[in-house]
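Asker: Quick one: the structure is below, and I'll ask about it shortly.
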Protein chains: 6
Amino acid sequence: MNDRYARGLARQAELRGADERREVYDLLADTAPDLSRLAVEFAYGNVHARDGLDAARRELVILGALVALGDTRPQLRAHTSAALAAGLRPGEIVEAVMQAVPYAGFPRVFTAMTAVREVFADRGLLPVTAGRTGPCPPP
Amino acid sequence: MNDRYARGLARQAELRGADERREVYDLLADTAPDLSRLAVEFAYGNVHARDGLDAARRELVILGALVALGDTRPQLRAHTSAALAAGLRPGEIVEAVMQAVPYAGFPRVFTAMTAVREVFADRGLLPVTAGRTGPCPPP
Amino acid sequence: MNDRYARGLARQAELRGADERREVYDLLADTAPDLSRLAVEFAYGNVHARDGLDAARRELVILGALVALGDTRPQLRAHTSAALAAGLRPGEIVEAVMQAVPYAGFPRVFTAMTAVREVFADRGLLPVTAGRTGPCPPP
Amino acid sequence: MNDRYARGLARQAELRGADERREVYDLLADTAPDLSRLAVEFAYGNVHARDGLDAARRELVILGALVALGDTRPQLRAHTSAALAAGLRPGEIVEAVMQAVPYAGFPRVFTAMTAVREVFADRGLLPVTAGRTGPCPPP
Amino acid sequence: MNDRYARGLARQAELRGADERREVYDLLADTAPDLSRLAVEFAYGNVHARDGLDAARRELVILGALVALGDTRPQLRAHTSAALAAGLRPGEIVEAVMQAVPYAGFPRVFTAMTAVREVFADRGLLPVTAGRTGPCPPP
Amino acid sequence: MNDRYARGLARQAELRGADERREVYDLLADTAPDLSRLAVEFAYGNVHARDGLDAARRELVILGALVALGDTRPQLRAHTSAALAAGLRPGEIVEAVMQAVPYAGFPRVFTAMTAVREVFADRGLLPVTAGRTGPCPPP
């Protein structure tokens, strides 16, 4: 287990979405185990764990990218979890996804919001109360 | 001038990128003036000016979406300006764009970073020092 | 209820797809009610209800955009309904979707055509007879 | 010269944008001449020249697809010409491109409108007067 | 039955994925039979059956394009079959899909790999042993 | 200089496109030096240098992905160079890019072919003679 892998696992653990990610990693264990390893090492160990931007802000960028890409339901679910773990409130996540409308259009945002809602429903976070900015999470 | 338009203009003014946006609005004044009006009213008056997420965080979502979409150089320039106006430091903007690599791939990020760099160069913000999270801008 | 919202609802009612749209609006009522409101106000009240292009022609543009975007099955279903309500015949809708092949490729078009077919099947419009268009006199 | 190629050339000639297309065909004559031939045969001879939807309506679908795809400036220019040749008025083309905003977002539409404007400017069609469409009787 | 159609069918038969493709062709027989015919004629008869690049190499290009496009699960399944029929080993197909990560990002590749795995599972090809390049298939 | 970085540099050197890549790396040296480092380490050291698929086949996947993504002119130039360095002939590269037409559509392919042609022109490789498959490059 190299350093980046350990750092990536640690970062994923902080963001808790690990369980949902683990599901696809396990599924692909007989097909492409190196793909999951590279995701941990690179996406988390090399990029997400960098200094210079806190986890909550990183998750906002990721949400924007996933909404715009489309066909990213599993990733939107995992990063809704990660966004909550990073300290974003449900109402802030809803605002973040809505902020993509003028750039990526309504179809992408409606589809993404449905994935976000699934995670909130699983966690008993519905109904979402009007988004209010909480205290800025520690950097 | 309706309320949303006024609110949208006010929001754009806060974000200062107004000048760069004004250029394309002016260009299209003889072709599609309503497109520019709708952008001010809807993208800024109806969406960006909403409560529940501060401007800096909104710009992080927008940067993520623009990087992922591709073919968005003018918008990346305008929103690099807006991100600065919203209180994000150059190093934080660089980190935000890099955070898109695992999701949108290197080509999108290299192209986006080049647009970001143009704005930094125009404003004398180069070289970018290692990204450090500054104090959380007021919500 | 502001003017744009009323105008948007009226436009949606003309296009009948309202029922299908209502389903996703209802689902998101506990998560992002403002998203649905903005869709009615902006997409229908501000854009679709504009003068200068009739509803049928607007639906052709929308079909082209939805096919090209991908990951838009619910929207393709709603706009197949809207296209029928706007007076397009099934054979014309099929031709419109096929017209996207050289630009967006076969995978997008096969996936879209399957969504179109679902709506036709629900409404007893199969088999589709060869599309014939009437003469459309110069505007 | 097979039938489809002849039919494709004839269709292109009707749509006049041929000159602009010819430019890229000529450029690629030393690299991929078959690509241009297939475009004439397939995109025009096999698809565009089909019955069941008139040329103007086909161009609306194509405009929607090109706006949504992004990175399609040369094609948007050629199809703005084709849309004019097919009888669409400048104001109708502007409305068609604006109709893509709620689906493909503002960045795609601003970039596309700039390409549309270039063609209008070349042809002395500016300023565009408010789009008005004539009644299009039921087919 | 024209020449291109016959040539296309023959090429599809070589690539065996025909069964999976036949399913969607049959589904659309009452809606858009010409779409399936054009796919056989153009995608296979006109393009895939060309000289100058063997079938295995063509499938690598196609896999790269399908991963990057997204929302292409049925096509990824059909072309995993075609890639096997063209002589690529499971481990090589896995490597090919992983090669898209730095360009199209992890979400596209995880989703694509899941579709690839389904085909391998159906055919008893799991677990995939570490990719080793076999002898170069005849051109 | 870690192992992956060294391995990535070595792989890039083999593929010769290094010069073109170096240009953008140098440009971004004052903005995001870590982005270039990660590209060398991850895209080349971790992925491209893997066993299981030779460099020429990897470049075919990459070409397919870059054509489909769009807005990738600099990357298409670099990977046309890399494809040549990996042993693909100009006619094979042209065939590979054409193979993307049925999946990604003509606009993406015409734009990509223009970028490919620029590299061929710079290297005196025009006109391209009809694609013939050469001997399979060593794995």
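Residue names in the structure tokens use chain letters A, B, ... in the order shown, residue numbers from 1 in each chain, and ligand numbers from 1 in the order shown.
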Please find the residues of chain D near chain B - the criterion being any atom within 6 Å, counting only C-alpha atoms - and write them as a ChimeraX atom specification.
Answerer: /D:71,127-128
Asker: Out of chain C, which residues get helix (DSSP H, G or I) from DSSP, as JSON, numbers by chain?
Answerer: {"C": [3, 4, 5, 6, 7, 8, 9, 10, 11, 12, 13, 14, 18, 19, 20, 21, 22, 23, 24, 25, 26, 27, 28, 29, 30, 33, 34, 35, 36, 37, 38, 39, 40, 41, 42, 43, 44, 45, 46, 47, 48, 55, 56, 57, 58, 59, 60, 61, 62, 63, 64, 65, 66, 67, 68, 69, 73, 74, 75, 76, 77, 78, 79, 80, 81, 82, 83, 84, 85, 90, 91, 92, 93, 94, 95, 96, 97, 98, 101, 102, 103, 104, 106, 107, 108, 109, 110, 111, 112, 113, 114, 115, 116, 117, 118, 119, 120, 121, 122]}
Asker: List the spatial neighbours of Leu15 (chain A) as a VMD selection string - criterion: any atom at most 9 Å away, only C-alpha atoms, same-chain residues fewer than 4 positions off excluded.
Answerer: chain A and resid 10 to 11 55 79 81 to 86
Asker: Can you list, as an NGL selection string, every protein, DNA or RNA residue that comes within 12 Å of Ala56 (chain D) when you count only C-alpha atoms, leaving out same-chain residues fewer than 6 positions away?
Answerer: (:C and (57 or 60-61 or 96 or 99 or 133 or 135-139)) or (:D and (14-15 or 48-49 or 62-63 or 79-89 or 92-93 or 96))
Asker: Put those residues in a file: C-alpha atoms, as a compact mmCIF listing (two decimals), in the first residue's frame.
Answerer:
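As a result, out-v8.txt now contains:
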# COMPACT_ATOMS: atom_id res chain seq x y z
CA ARG C 57 -40.89 24.77 -34.51
CA LEU C 60 -38.03 20.74 -33.19
CA VAL C 61 -35.17 22.80 -31.78
CA ALA C 96 -36.80 15.08 -36.78
CA GLN C 99 -32.17 14.22 -38.73
CA THR C 133 -45.37 16.70 -44.22
CA PRO C 135 -46.63 22.15 -47.55
CA CYS C 136 -45.70 24.87 -45.15
CA PRO C 137 -46.15 28.16 -47.02
CA PRO C 138 -43.49 30.78 -46.62
CA PRO C 139 -44.01 32.73 -43.42
CA GLU D 14 -30.53 24.03 -52.71
CA LEU D 15 -29.27 25.00 -49.29
CA HIS D 48 -31.49 15.55 -45.30
CA ALA D 49 -33.07 14.74 -48.67
CA ILE D 62 -29.85 20.67 -36.69
CA LEU D 63 -29.52 24.08 -35.04
CA HIS D 79 -26.47 25.81 -41.11
CA THR D 80 -27.37 29.44 -40.50
CA SER D 81 -26.88 29.83 -44.24
CA ALA D 82 -28.86 26.67 -44.90
CA ALA D 83 -31.67 27.83 -42.61
CA LEU D 84 -31.91 31.10 -44.54
CA ALA D 85 -31.89 29.22 -47.84
CA ALA D 86 -34.66 26.99 -46.52
CA GLY D 87 -36.82 30.04 -45.92
CA LEU D 88 -36.34 30.80 -42.25
CA ARG D 89 -36.13 34.49 -41.45
CA GLU D 92 -36.81 33.03 -36.56
CA ILE D 93 -33.26 31.71 -36.49
CA ALA D 96 -34.62 29.04 -32.54
Asker: Have a look at F:Leu9, F:Asn2, F:Arg108, F:Ala100 and name the one nearest to Gly64 (chain E); count only C-alpha atoms.
Answerer: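 Comparing F:Leu9, F:Asn2, F:Arg108, F:Ala100 against Gly64 (chain E), the winner is F:Ala100.
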Asker: Given the choices C:Val94, C:Leu53, C:Val67, C:Leu125, which gets closest to Pro107 (chain C) if the distance is worked out from only C-alpha atoms?
Answerer: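 Residue with the minimum atom-to-atom distance to Pro107 (chain C): C:Val67.
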